[in-house]
Protein chains: 2
Amino acid sequence: MKNKFNIKDSFWSYYQELVSDVILPYQYDILNDSVDDPDTEKSHSFENFRIAAGESKGEFYGYVFQDSDTAKWLEAVAYSLMIKPDKELERKADDIISLIGRAQQPDGYMNTYFIVKEPENKWKNLRDCHELYCAGHFIEAGAAYYEATGKRELLNIVIRLADLIYDIFIKNKTDGIPGHPEIELALVRLYRTTGAKKYLELAKYFIDIRGKKITDKENLLIFNSRYHQSAVPVREETNAVGHAVRAVYLYTGMAMTAKETGDETLLEACERMWNSIVKKRMYITGGIGSSAEAGEAFTMDYDLPNDTAYNETCASIGLIFFAKAMLEMTNNAKYADVAELALYNTVLAGVQRDGKRFFYTNPLEVDPIYTKKIPHYNHIYSSRPKWHACACCPPNVAKLIASLNQYAWHTDGSVYYSDLFIGGRYIPYENTVITTQTDYPYSGKVKYSVSGTENINIAVRRPEWCFSMIVTVNGVFYDCDINDGYAIIENLKDGDTIIVDIDITPHRVYSNTKVHANDGKCAFMAGSIIYCFEDCDNNDLNNYYADKDGEIILKNISDENIGNVNILQIPAYKMEQFDSLYRFKKPKTEKTRLVAIPYYAWGNRKEGKMKVWIAEK
Amino acid sequence: MKNKFNIKDSFWSYYQELVSDVILPYQYDILNDSVDDPDTEKSHSFENFRIAAGESKGEFYGYVFQDSDTAKWLEAVAYSLMIKPDKELERKADDIISLIGRAQQPDGYMNTYFIVKEPENKWKNLRDCHELYCAGHFIEAGAAYYEATGKRELLNIVIRLADLIYDIFIKNKTDGIPGHPEIELALVRLYRTTGAKKYLELAKYFIDIRGKKITDKENLLIFNSRYHQSAVPVREETNAVGHAVRAVYLYTGMAMTAKETGDETLLEACERMWNSIVKKRMYITGGIGSSAEAGEAFTMDYDLPNDTAYNETCASIGLIFFAKAMLEMTNNAKYADVAELALYNTVLAGVQRDGKRFFYTNPLEVDPIYTKKIPHYNHIYSSRPKWHACACCPPNVAKLIASLNQYAWHTDGSVYYSDLFIGGRYIPYENTVITTQTDYPYSGKVKYSVSGTENINIAVRRPEWCFSMIVTVNGVFYDCDINDGYAIIENLKDGDTIIVDIDITPHRVYSNTKVHANDGKCAFMAGSIIYCFEDCDNNDLNNYYADKDGEIILKNISDENIGNVNILQIPAYKMEQFDSLYRFKKPKTEKTRLVAIPYYAWGNRKEGKMKVWIAEK
């Protein structure tokens, strides 16, 4: 199957090609243990399947959720094949799928950890053992691979697995809470692909059972824990809590279920979680999960330290899933605003420009002197490491970028919403094409050309951060109201063009004063891009603060390590240096300018200090 | 015995009376388990001695170093008796000393944990079991009680104990490193009291053995560990490392040993540790040990977070011991500067104004919303708790304040150095009195009246922080050079008066820019007092930043909760409030003033946010 929207974009085509040509083949080699490099941790993910299928000797190796790396890779391959056919990649995927089929047990069970290592303990510890999490990722992969290739083999495998899960939890009435949500959103997707209502029923079951009161603290099937979002029923929770990836996966499943069932109370719960995140618990980069120590988790309102932030790449990806599910249900641009923020900043920061190294955590301030040398910086890296044993993020990034075609537009059937400004051809329905041309995010100009249709309504998002957006239709100024963040232009027909000019003039960003980490500081933004400062552009970042006034200059540059970007030249002060720890006389200052680059591009050049928020005087 | 210097001071007499009249009787009741209050943790320290003496049934209770609470209390009582005779207190102390004597074993051994609980494991785990640490505190108490009362009972007890230790480690050549230094400084003190060189030899042995290379990682008598300052020999260490209290106790012992032995390499090692602390690892309040997670420890240069600082009260007390030992060896006022900073700020902050609650940790920024609710704030309190089970700090504070008489002056035999500006009568030698009158720290005027002598040289410290110090002798301006931080006025005789006028005009303090936590911030100081802001004076501290310019007004007030203090009125801006997490338009500001109070006085009124460093624009 082809995508309805095909990306041909000055910014994103590079990343999509990177995924297809570099990241997916490279990840195949890693999952296949054919990368021989001491800095690359062993995966063993394919080998575990060979052992489970009885085709190889040896021990299971890796995390209890090691299977999910294979599943995410397959899902990403599916999306990549929709962008660009690749026989070699498809053959590799088919081989792995066939292997998975041989490893699957007659009753449909499929999890190599339990097949190989603890067959007697299947379904006994849902809290910690990720069986339903891995199942969810395979279900997503099965649906995606079927949609991409029309091949049913993996879909059939996951249907057998989903049916087994249905039998255990619904037919046999075993109570069980998934310790790491994912199965919920996957089951709704399987319902959408197959039309079988039992999967929606099962998704709803897994959502509704969370927080069911029990007294037995040792029960690993049903348990009360904020970390696992199961301390209270989901409809009674007031804040986004616990492990951030778990949280947003759950909220995505809730939103998808609410859409399919029309469950108003579930929608309200989703809105509460959304507001808790974006109004009180999210970094300006769209990063979430401020604490490593609390368990890669949300902590409390406004507790957003920059230097110790966890901000897992996967959590921002999950936030985009959640945003997408909410957007499709509500047609409110505020969800796309946040998805865009997370995408262009934290998610992209997760990948080295060459596609071979990855950040799992995304702090907003780093000093290499301290990283990994003091307990509270143990999780912080000052440059992207290669493959981790716990390799959740890289395949997730590949999956998101390869499926980005699905995020640019959505429709409620009567209006076609342009959610992300990405160049390409959108075919909303037969014989109709909307062509988008833009140099976004480094230009605010977006041109839509309509062809084929005689009547289509297009809604263009007006980003929350923009001070002005001018719309012209066929060259004439179009005075449109903004509804839920969209400018709606109705009754467009063949030959019509819309030109949208979004103001991406760089500006300062201020934080709510309750965020102690940002006391007296500001950040810089131009369009959807959050900026950061690096030592390599600014000598020693310690010595500067930003001028609270003065014009910020935007300049387009091309750099082999960070690509084509707009950089900022920011009015600043350099402080007189002194040796003592404290000083009783005011240090002298000197006017200067600092250079800021997009946050996502940091760590691609010489290692040094980095910060997003800078003291302002 | 009487003190050579008797305090009669507008500031300190209150605290000395508090120690004698409130803190010591209250601590007696706690150590005796006669305080019945659910918020006060049980001590059992005296009861452990009763059990060890066979006079009570029951189990040992408390930490392995529970004995040290009794020792520190006895030492503090000794100093208190030197200030003010108190028959009731002395009788209680005598009773406890007699009990300790009955608990001591025939060979001199004395540690209730091992006597009662693990008699077979004496001297087997020096790293963790604090036998030498407790011994050190008893030795200090024995020397102090003898000096205060002339009674030898406790001195004899600790001599028997010290002799036993000498036999084990020197005579029997058992290698052993004290896991928590303290014995070293105590042994030098015992040498000074008794004149017996073997104690100095033993102190030197315990210092020199540290960092002796071994390969057996499980050896709990000799071990390599930065936390315990034994990773390298003390003369090879370049930075102040590890648990901060352990560190400064060790450095004090090293400095005292260097003074008595004339060991230049040991003095150099002390100077290196001193510079590492005060030039790179100390808070502006004189707090040290920036990390709870790293083990209440030093971490790395300039890593001085305000909100998660450990800054144990005991560590600042130890820093004062270290400073005093260095000062007596070098006659350099820089040591007194730091002792004063730690004393007037962190140490005093450790005590509630009423003497019944204590801070063990002393962060420079607190928000009660977060304290004890997020892992990295687990050790932070937003108001002083009552007694802890691990009650190291309160008796240490009592001990320091009661012995403050020993810190105001020192002499090298030819010059009498006024190190701390405290009112009172100093009798440097027979028939000579120097009377000091001052309202320091809330006035910079200090008057010294000399009587009796025909020729004395007085050195007055010129604090590092002061912009000017004017000295007049008998009303005439005295143009003195400053040598090593002291103004020396020679050949004073009966009837002479010196008046010193130290500028205590409030001013801003700036941090080395390498301290990330203080980016763009300033602190405020007037004289030796570091200031802080509290919500109760300033509504909601989140909403303000300080004006980088403008006059700071100093005002004397009297408040029932914080006493007589100088407060500051500081030019500041109030920021426009907004609800969103981030904002793209600059918030409006409005000129206003903030009130700052002395840091030591915080937490005595309504609970709220507190901060020392504030963003400045």
# chains A, B, ... in the order shown; residues from 1 in each chain; ligands from 1
$ select_by_dssp --residues "range 156-327 of chain A" --states "strand (DSSP E or B)" --output "list in words"
His243, Met282, Ile288, Ser291 and Ala297 of chain A
$ write_last_selection --atoms "all heavy atoms" --output "PDB file, in the first residue's frame"
ATOM      1  N   HIS A 243       6.413   6.399  35.305  1.00  0.00           N
ATOM      2  CA  HIS A 243       7.349   6.222  34.191  1.00  0.00           C
ATOM      3  C   HIS A 243       6.751   6.868  32.940  1.00  0.00           C
ATOM      4  O   HIS A 243       5.647   6.543  32.518  1.00  0.00           O
ATOM      5  CB  HIS A 243       7.554   4.719  33.992  1.00  0.00           C
ATOM      6  CG  HIS A 243       8.548   4.363  32.941  1.00  0.00           C
ATOM      7  ND1 HIS A 243       8.183   3.988  31.670  1.00  0.00           N
ATOM      8  CD2 HIS A 243       9.905   4.327  32.967  1.00  0.00           C
ATOM      9  CE1 HIS A 243       9.274   3.721  30.959  1.00  0.00           C
ATOM     10  NE2 HIS A 243      10.331   3.910  31.728  1.00  0.00           N
ATOM     11  N   MET A 282       6.138  19.470  31.250  1.00  0.00           N
ATOM     12  CA  MET A 282       6.837  19.233  29.986  1.00  0.00           C
ATOM     13  C   MET A 282       7.935  20.277  29.779  1.00  0.00           C
ATOM     14  O   MET A 282       7.742  21.449  30.040  1.00  0.00           O
ATOM     15  CB  MET A 282       5.822  19.308  28.843  1.00  0.00           C
ATOM     16  CG  MET A 282       6.408  19.019  27.462  1.00  0.00           C
ATOM     17  SD  MET A 282       5.164  19.187  26.151  1.00  0.00           S
ATOM     18  CE  MET A 282       5.052  20.995  26.057  1.00  0.00           C
ATOM     19  N   ILE A 288       9.666  14.869  28.206  1.00  0.00           N
ATOM     20  CA  ILE A 288       8.886  14.565  29.411  1.00  0.00           C
ATOM     21  C   ILE A 288       9.561  13.466  30.229  1.00  0.00           C
ATOM     22  O   ILE A 288      10.291  12.648  29.690  1.00  0.00           O
ATOM     23  CB  ILE A 288       7.423  14.145  29.107  1.00  0.00           C
ATOM     24  CG1 ILE A 288       7.382  12.994  28.091  1.00  0.00           C
ATOM     25  CG2 ILE A 288       6.614  15.333  28.596  1.00  0.00           C
ATOM     26  CD1 ILE A 288       5.980  12.428  27.873  1.00  0.00           C
ATOM     27  N   SER A 291      12.732  12.971  35.885  1.00  0.00           N
ATOM     28  CA  SER A 291      13.624  12.386  36.889  1.00  0.00           C
ATOM     29  C   SER A 291      14.068  10.974  36.558  1.00  0.00           C
ATOM     30  O   SER A 291      13.248  10.073  36.360  1.00  0.00           O
ATOM     31  CB  SER A 291      12.940  12.395  38.255  1.00  0.00           C
ATOM     32  OG  SER A 291      13.690  11.653  39.185  1.00  0.00           O
ATOM     33  N   ALA A 297      10.773   9.196  35.174  1.00  0.00           N
ATOM     34  CA  ALA A 297       9.359   9.431  35.462  1.00  0.00           C
ATOM     35  C   ALA A 297       8.993  10.904  35.603  1.00  0.00           C
ATOM     36  O   ALA A 297       9.840  11.769  35.793  1.00  0.00           O
ATOM     37  CB  ALA A 297       8.998   8.718  36.760  1.00  0.00           C
TER      38      ALA A 297
END
$ interface_residues --of "chain B" --to "chain A" --cutoff "8 Å" --atoms "only C-alpha atoms" --output "ChimeraX atom specification"
/B:278-280,284,293-294,299-300,370,374-376,465,507-514,516,519-521,542-543,545,577-587,614-617
$ residues_around --residues "Pro598 in chain A" --least-positions-apart "2" --cutoff "9 Å" --atoms "only C-alpha atoms" --output "ChimeraX atom specification"
/A:345,525,529-533,565-568,596,600-602
$ residues_around --residues "range 194-202 of chain B" --least-positions-apart "4" --cutoff "10 Å" --atoms "only C-alpha atoms" --output "list in words"
Ala143, Leu155, Ile159, Ala162, Asp163, Ile165, Tyr166, Asp167, Phe169, Ile170, Ile183, Glu184, Leu185, Ala186, Leu187, Val188, Arg189, Leu190, Phe206, Ile207, Asp208, Met256, Thr257, Glu260 and Thr261 of chain B
$ residues_around --residues "range 26-32 of chain B" --least-positions-apart "5" --cutoff "9 Å" --atoms "only C-alpha atoms" --output "ChimeraX atom specification"
/B:21,40-47,69-70,73,92,355-356,387,394-395
$ write_last_selection --atoms "N, CA and C atoms" --output "PDB file, in the first residue's frame"
ATOM      1  N   ASP B  21      21.235  26.300  79.339  1.00  0.00           N
ATOM      2  CA  ASP B  21      19.951  26.242  80.041  1.00  0.00           C
ATOM      3  C   ASP B  21      18.909  25.392  79.331  1.00  0.00           C
ATOM      4  N   THR B  40      10.075  12.804  68.274  1.00  0.00           N
ATOM      5  CA  THR B  40      11.454  12.737  68.726  1.00  0.00           C
ATOM      6  C   THR B  40      11.900  11.281  68.678  1.00  0.00           C
ATOM      7  N   GLU B  41      12.877  10.991  67.844  1.00  0.00           N
ATOM      8  CA  GLU B  41      13.309   9.599  67.735  1.00  0.00           C
ATOM      9  C   GLU B  41      14.042   9.177  68.997  1.00  0.00           C
ATOM     10  N   LYS B  42      13.924   7.888  69.322  1.00  0.00           N
ATOM     11  CA  LYS B  42      14.517   7.350  70.542  1.00  0.00           C
ATOM     12  C   LYS B  42      16.044   7.379  70.447  1.00  0.00           C
ATOM     13  N   SER B  43      16.733   7.702  71.561  1.00  0.00           N
ATOM     14  CA  SER B  43      18.188   7.706  71.562  1.00  0.00           C
ATOM     15  C   SER B  43      18.754   6.404  72.122  1.00  0.00           C
ATOM     16  N   HIS B  44      18.427   6.105  73.418  1.00  0.00           N
ATOM     17  CA  HIS B  44      18.905   4.878  74.060  1.00  0.00           C
ATOM     18  C   HIS B  44      20.406   4.937  74.368  1.00  0.00           C
ATOM     19  N   SER B  45      21.014   6.094  74.197  1.00  0.00           N
ATOM     20  CA  SER B  45      22.473   6.143  74.305  1.00  0.00           C
ATOM     21  C   SER B  45      22.949   5.844  75.725  1.00  0.00           C
ATOM     22  N   PHE B  46      22.306   6.436  76.750  1.00  0.00           N
ATOM     23  CA  PHE B  46      22.693   6.121  78.139  1.00  0.00           C
ATOM     24  C   PHE B  46      22.327   4.671  78.480  1.00  0.00           C
ATOM     25  N   GLU B  47      21.150   4.258  78.015  1.00  0.00           N
ATOM     26  CA  GLU B  47      20.679   2.909  78.342  1.00  0.00           C
ATOM     27  C   GLU B  47      21.649   1.847  77.813  1.00  0.00           C
ATOM     28  N   ASP B  69      27.061  10.095  70.893  1.00  0.00           N
ATOM     29  CA  ASP B  69      26.135  11.137  71.347  1.00  0.00           C
ATOM     30  C   ASP B  69      26.368  11.459  72.825  1.00  0.00           C
ATOM     31  N   THR B  70      26.582  10.419  73.600  1.00  0.00           N
ATOM     32  CA  THR B  70      26.891  10.613  75.025  1.00  0.00           C
ATOM     33  C   THR B  70      28.217  11.357  75.182  1.00  0.00           C
ATOM     34  N   TRP B  73      27.886  14.985  74.280  1.00  0.00           N
ATOM     35  CA  TRP B  73      27.127  15.694  75.309  1.00  0.00           C
ATOM     36  C   TRP B  73      28.035  16.000  76.502  1.00  0.00           C
ATOM     37  N   LYS B  92      24.775  15.232  86.987  1.00  0.00           N
ATOM     38  CA  LYS B  92      24.307  14.319  85.940  1.00  0.00           C
ATOM     39  C   LYS B  92      25.482  13.782  85.124  1.00  0.00           C
ATOM     40  N   GLY B 355      16.252  26.406  70.421  1.00  0.00           N
ATOM     41  CA  GLY B 355      17.202  25.376  70.844  1.00  0.00           C
ATOM     42  C   GLY B 355      16.654  23.955  70.854  1.00  0.00           C
ATOM     43  N   LYS B 356      15.463  23.743  70.303  1.00  0.00           N
ATOM     44  CA  LYS B 356      14.867  22.413  70.429  1.00  0.00           C
ATOM     45  C   LYS B 356      14.684  21.670  69.117  1.00  0.00           C
ATOM     46  N   TRP B 387      14.680  15.587  67.225  1.00  0.00           N
ATOM     47  CA  TRP B 387      15.829  14.694  67.321  1.00  0.00           C
ATOM     48  C   TRP B 387      15.803  13.617  66.248  1.00  0.00           C
ATOM     49  N   PRO B 394      23.152  17.874  66.624  1.00  0.00           N
ATOM     50  CA  PRO B 394      22.795  18.727  67.774  1.00  0.00           C
ATOM     51  C   PRO B 394      23.844  18.765  68.884  1.00  0.00           C
ATOM     52  N   PRO B 395      24.398  17.626  69.340  1.00  0.00           N
ATOM     53  CA  PRO B 395      25.412  17.749  70.389  1.00  0.00           C
ATOM     54  C   PRO B 395      26.685  18.429  69.884  1.00  0.00           C
TER      55      PRO B 395
END
$ residues_around --residues "Phe421 in chain B" --least-positions-apart "4" --cutoff "8 Å" --atoms "only C-alpha atoms" --output "NGL selection string"
:B and (408 or 436 or 438 or 440-441 or 446)
$ write_last_selection --atoms "C-alpha atoms" --output "PDB file, in the first residue's frame"
ATOM      1  CA  ALA B 408      37.781  34.300  69.640  1.00  0.00           C
ATOM      2  CA  THR B 436      36.012  43.687  73.856  1.00  0.00           C
ATOM      3  CA  THR B 438      30.814  45.201  70.157  1.00  0.00           C
ATOM      4  CA  TYR B 440      29.003  42.513  65.926  1.00  0.00           C
ATOM      5  CA  PRO B 441      27.829  40.982  63.600  1.00  0.00           C
ATOM      6  CA  VAL B 446      34.624  46.807  67.905  1.00  0.00           C
TER       7      VAL B 446
END
$ residues_around --residues "Asn431 in chain B" --least-positions-apart "6" --cutoff "10 Å" --atoms "only C-alpha atoms" --output "ChimeraX atom specification"
/B:451-453
$ write_last_selection --atoms "N, CA, C and O atoms" --output "PDB file, in the first residue's frame"
ATOM      1  N   SER B 451      43.892  46.626  79.872  1.00  0.00           N
ATOM      2  CA  SER B 451      44.217  47.045  81.229  1.00  0.00           C
ATOM      3  C   SER B 451      45.224  46.103  81.848  1.00  0.00           C
ATOM      4  O   SER B 451      45.288  44.927  81.524  1.00  0.00           O
ATOM      5  N   GLY B 452      46.043  46.672  82.727  1.00  0.00           N
ATOM      6  CA  GLY B 452      46.991  45.859  83.480  1.00  0.00           C
ATOM      7  C   GLY B 452      48.383  45.813  82.882  1.00  0.00           C
ATOM      8  O   GLY B 452      49.368  46.157  83.522  1.00  0.00           O
ATOM      9  N   THR B 453      48.461  45.461  81.619  1.00  0.00           N
ATOM     10  CA  THR B 453      49.771  45.214  81.026  1.00  0.00           C
ATOM     11  C   THR B 453      50.514  46.514  80.745  1.00  0.00           C
ATOM     12  O   THR B 453      49.920  47.595  80.678  1.00  0.00           O
TER      13      THR B 453
END
$ closest_residue --among "B:Ala333, B:Leu161, B:Ala323, B:Val234" --to "Ala269 in chain B" --atoms "only C-alpha atoms"
B:Val234
$ closest_residue --among "A:Trp12, A:Tyr426, A:Tyr79, A:Phe5" --to "Tyr344 in chain A" --atoms "only C-alpha atoms"
A:Trp12
$ select_by_dssp --residues "range 39-116 of chain A" --states "helix (DSSP H, G or I)" --output "PyMOL selection string"
chain A and resi 45-52+67-83+87-103+112-116
$ atom_distance --atom1 "CA of His410 in chain A" --atom2 "CA of Glu264 in chain A"
21.6 Å
$ atom_distance --atom1 "CA of Ser418 in chain B" --atom2 "CA of Arg272 in chain B"
25.4 Å
$ atom_distance --atom1 "CA of Phe477 in chain A" --atom2 "CA of Thr411 in chain A"
24.9 Å
$ closest_residue --among "A:Leu348, A:Leu126, A:Ile7, A:Met273" --to "Glu312 in chain A" --atoms "only C-alpha atoms"
A:Leu348
